[in-house]
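Read through the structure below, which is laid out as structure tokens, and then see the notes.
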Amino acid sequence: MSHDGVGTRPGRGSAMRAAAFLTAGVLAMPVLAGCSDPDPAGKPLAGQDIAPAARARIADGGTLRWAVDTVPETLNTFQSDADATTSRIAQATLPSMYRLDESGRPERNEAYLESAEVVETEPKQVVLYKLNQQAVWSDGREIGAADFAAQWRALSGKDSAYWTARNAGYDRIQKIERGDNDLQVRVTFARTYADWRSLFSPLYPKEVMGTPDSFNDGARQKLKVSAGPFTVRKIDRKGDEVRLARNPRWWGKPAKLSEIVLRAVPRDGRAAELAAGRLDLADVDPAAARRIAIAAPRPQGPSASASGTPLMGPDLRKLTPGQRKDKERFHGFEVRKSFEPSYTQLALNGGGDGPLADERVRRAVARALDREKLAETVLRPLGLPAEPVGSHLALAGQAAYADNSGAIGGQDTAEAQALLTDAGWVPGGPVKEKKKGEKAAGGEADKSGRKEKDSEDRKEKDSGEKKDGESKAGKKSDGDDDGTYIVGEDDKGADGQDARHLARDGMQYGGKQLSGGAPGAYAPQGTAAPAGAASRRLAKDGKALTLRFVVPDGEGSQTLRTVADRIGLMLKRVGIRTEVTKVSDESYFKDHIASGQYDLALYSWPGSAFPATDARPIYAKPVPAADGSLNVEQNYTRVGTDQVDQLFEQAVSTLDESESRSLIRKADSRIWAAAGSIPLYQRPQLTAARTDLANAGAFGFGAPVFEDMGFLEKGAKGQPAPSAS
């Protein structure tokens, strides 16, 4: 899990599996069969943008300097402190039985696997793997059943000496045996497992998985044995880089690059490193992308279309002195763009006794949102399709995707107000004066919010934020000195400065009815919203309806803060006030999201190729633990139902792939109706790359093909590689 621009590092335990989920969603993918009926999954909103070129046009040799967020603490993706760089290294150096294609659908990795199929269903499910006869570890040993068995024993959850972050799927295996020869592996399941293709990706050698000591420590700092187009040559923690070298024992097409250097570079420092010639490839933020795009004034990527605005706007003829300098600095670079295989959501904390514990209030929040406008806020300036995400469990193009947002309904101000009225929130009702330090009706606050020294500091801070493109949607509430401000308390509303600012961005929050929502759908028939509801504060039992909106305050999180401001204005239209609290990036997840110290928050989940396995802990109904605490696993909204749990279990326990997809879509509809989280938009991926770098860039759904990356021969132009079809 992540929020835009801020990485999180979960700790050990069942509630700290977010990094493992991300790893699984990227590296382990099942094959799902298509169907003859019209496919509601559709196509990905944007394809890869990697400057494809045939291998014949790529030079042999060279070093690719690639920016990453961290030098990882561990190279074992199954440990709790694994991160995105751990996953990237595993993709380049270890076997993966299945990987995602450009459409976000998994495919068999022919480099390792000749075939894999269910050969028995009664009395037990048996899967037979037939391995590529050329597949060997870097020490010359064949990849085989011993490696599969060692990984199963380590990840089965039966031996607590293994410090594992996840065991989903492996805990369903009964035994692993050698088949008719050394290249065959028979896996027998104790319980039917639909997502069996998610297993053994990545696959570690038995030298890593064989004992608790080797699992816990053996692969943290180095990988002595690997089996990919590259091997780990060196991890330089002082120099903040990892060096991958071409694997001489790789049996596939030889890697074009001789070396890949993964350099840990902060996001806000990547533009400078690119300009200085110290990086060749780096994901960048929108501000840096706009600077770099000047150097290559052309349509940026295959996803650029008339529906979106180019990064630099329609007129590149009039450049400022600073832009002219950028054009010189970033000569030889371009911006490649697509969507990350992840989406940003609005999380509503339904735990405890706050207002959002009432499903009607959560639904009112959902009905107040214009998700199309929020997607436009983030994506249209980047020239990407501005379409909201319609599923919690998959993304457009993936097999399980379907737009189930109709289960909650579209934006409808009157319906949202009716829901609030039915929940007992009365416009203009009496409000008890807050005691010093007492919060509004939202979730309990903590002391980690940033304090403002004085009014001058606030003015300077606000001015700086506006320069960065972030709207100021409200002012600090009277008598409040905890780093918060109330959206809408300035009484400007739709007629004031904030509305004019939003109008400049093309944002007008009218009461447009979207498909799927019918007035009265969740409030009793005939319930009317009192006139002027939006102009008077809602109250109940002497408390005003004010929701605490927690946002990260780092420079890389400006987009999230802008989206939070837009949401605050939308909620104000139905009478809900939001109190925004900015907290440090370091404490955002651990001290607020995971601990439940928020009402509203924005963070992201990756789309999974096998949601029946990976999404279950995110939406599972919280249950009391033995010590009296509440076990929420990864369900940080604390909203869940028995029915959703049952649908997940049914989906993961059937081998009928069409039925499994249908069950997943039903579960998603129930999750929408419960309104614990509202998917907003797929996260953009902006990648700066040297113009002569081929087969690398904004990968979107597709897994990188490391052996095909490289620099074009002098004088060569990138050409599409031959299609496999």
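Note on naming: chains are A, B, ... as they come in the structure tokens, residues start from 1 per chain, ligands start from 1 in the order shown.
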Quiz prompt | Surrounding residues of range 169-176 of chain A excluding itself and chain neighbours under 6 positions, 8 Å, only C-alpha atoms, as a list in words | solution =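 Returned residues: Ala145, Phe148, Ala149, Trp152, Leu155, Ser156, Gly157, Val185, Arg186, Val187, Thr188, Phe189, Ala190, Arg191, Thr192, Tyr193, Asp195, Trp196, Ser198, Leu199 and Thr613 of chain A.
Close contacts of range 649-651 of chain A, defined as residues with an atom at most 10 Å away when counting only C-alpha atoms, with chain neighbours fewer than 2 positions off set aside, comprise A:Tyr193, A:Ala194, A:Asp195, A:Pro611, A:Ala612, A:Thr613, A:Arg616, A:Gln643, A:Val644, A:Asp645, A:Gln646, A:Leu647, A:Ser653, A:Thr654, A:Leu655, A:Asp656, A:Glu657, A:Ser658, A:Glu659, A:Ser660, A:Arg661, A:Ser662, A:Leu663, A:Ile664, A:Arg665, A:Lys666, A:Ala667.
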Quiz item: Using only C-alpha atoms, which residues sit within 10 Å of Ala673 in chain A once same-chain residues fewer than 5 positions away are excluded, as a list in words?
Solution: Glu359, Arg362, Arg363, Ala366, Asn404, Ser405, Gly406, Ala407, Ile408, Gly409, Tyr522, Ala667 and Asp668 of chain A
Only C-alpha atoms, please: the residues just picked out, written as a compact mmCIF listing (two decimals), in the first residue's frame.
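Result saved to out.txt:
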# COMPACT_ATOMS: atom_id res chain seq x y z
CA GLU A 359 -23.38 3.16 6.90
CA ARG A 362 -20.57 6.66 4.55
CA ARG A 363 -23.01 6.33 1.66
CA ALA A 366 -19.92 8.49 -1.52
CA ASN A 404 -19.62 -2.08 -10.08
CA SER A 405 -19.89 1.50 -8.84
CA GLY A 406 -23.62 1.43 -9.61
CA ALA A 407 -24.03 -0.51 -6.36
CA ILE A 408 -23.57 2.76 -4.47
CA GLY A 409 -24.71 5.22 -7.14
CA TYR A 522 -30.69 4.03 0.53
CA ALA A 667 -17.97 -9.30 -3.77
CA ASP A 668 -16.92 -5.99 -5.29
Practice problem: Excluding Leu356 in chain A and residues on its chain fewer than 6 positions from it, collect all residues at most 10 Å away from it, counting only C-alpha atoms, and give them as a list of chain:residue names. | Solution: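 What passes the distance filter is A:Leu348, A:Asn349, A:Gly350, A:Arg362, A:Arg363, A:Ala364, A:Val365, A:Ala441, A:Gly442, A:Gly443, A:Leu547, A:Asp599, A:Leu600, A:Thr637, A:Val639, A:Ala675, A:Gly676.
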Contact check, range 531-617 of chain A to range 700-705 of chain A, at most 12 Å, counting only C-alpha atoms, closest pairs as a Markdown table:
| residue | atom | partner | partner_atom | distance |
| --- | --- | --- | --- | --- |
| A:Pro606 | CA | A:Phe701 | CA | 10.5 |
| A:Gly607 | CA | A:Phe701 | CA | 9.3 |
| A:Ser608 | CA | A:Phe701 | CA | 10.3 |
| A:Ala609 | CA | A:Phe701 | CA | 10.2 |
Write out, as a PDB file, in the first residue's frame, the residues just selected, with N, CA, C and O atoms.
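part00.pdb was written with the following content:
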ATOM      1  N   PRO A 606      -2.429  -1.749  -4.945  1.00  0.00           N
ATOM      2  CA  PRO A 606      -2.148  -2.295  -6.276  1.00  0.00           C
ATOM      3  C   PRO A 606      -3.288  -3.170  -6.758  1.00  0.00           C
ATOM      4  O   PRO A 606      -3.980  -3.803  -5.967  1.00  0.00           O
ATOM      5  N   GLY A 607      -3.512  -3.177  -8.069  1.00  0.00           N
ATOM      6  CA  GLY A 607      -4.470  -4.107  -8.639  1.00  0.00           C
ATOM      7  C   GLY A 607      -3.836  -5.485  -8.725  1.00  0.00           C
ATOM      8  O   GLY A 607      -2.696  -5.623  -9.164  1.00  0.00           O
ATOM      9  N   SER A 608      -4.552  -6.509  -8.320  1.00  0.00           N
ATOM     10  CA  SER A 608      -4.003  -7.855  -8.277  1.00  0.00           C
ATOM     11  C   SER A 608      -4.563  -8.713  -9.393  1.00  0.00           C
ATOM     12  O   SER A 608      -5.741  -8.605  -9.743  1.00  0.00           O
ATOM     13  N   ALA A 609      -3.724  -9.595  -9.932  1.00  0.00           N
ATOM     14  CA  ALA A 609      -4.184 -10.532 -10.950  1.00  0.00           C
ATOM     15  C   ALA A 609      -4.942 -11.695 -10.338  1.00  0.00           C
ATOM     16  O   ALA A 609      -5.555 -12.476 -11.054  1.00  0.00           O
TER      17      ALA A 609
END
Quiz item: From the set A:Ser595, A:Asn247, A:Ser604, A:Gln151, which residue has the shortest atom-to-atom contact distance to Gly210 in chain A, counting only C-alpha atoms?
Solution: A:Gln151
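We find CA of Asp147 in chain A and CA of Phe78 in chain A to be spaced 15.1 Å apart.
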Quiz prompt | Shell of 12 Å around range 248-254 of chain A, only C-alpha atoms, local chain residues under 5 positions omitted, as JSON, numbers by chain | solution = {"A": [55, 56, 60, 61, 92, 93, 94, 95, 109, 110, 111, 112, 132, 133, 134, 135, 136, 137, 138, 139, 140, 141, 142, 225, 226, 227, 228, 229, 230, 231, 705, 706, 707, 708, 709, 710]}
Quiz item: Could you pull the residues within 10 Å of Ile50 in chain A, counting only C-alpha atoms, minus those fewer than 2 positions along the same chain, as a list in words?
Solution: Gly47, Gln48, Pro52, Ala53, Gly301, Pro302, Arg336, Lys337, Ser338, Thr687, Ala689, Leu693, Ala694, Asn695, Ala696, Gly697, Ala698, Phe699, Gly700, Pro704 and Met709 of chain A
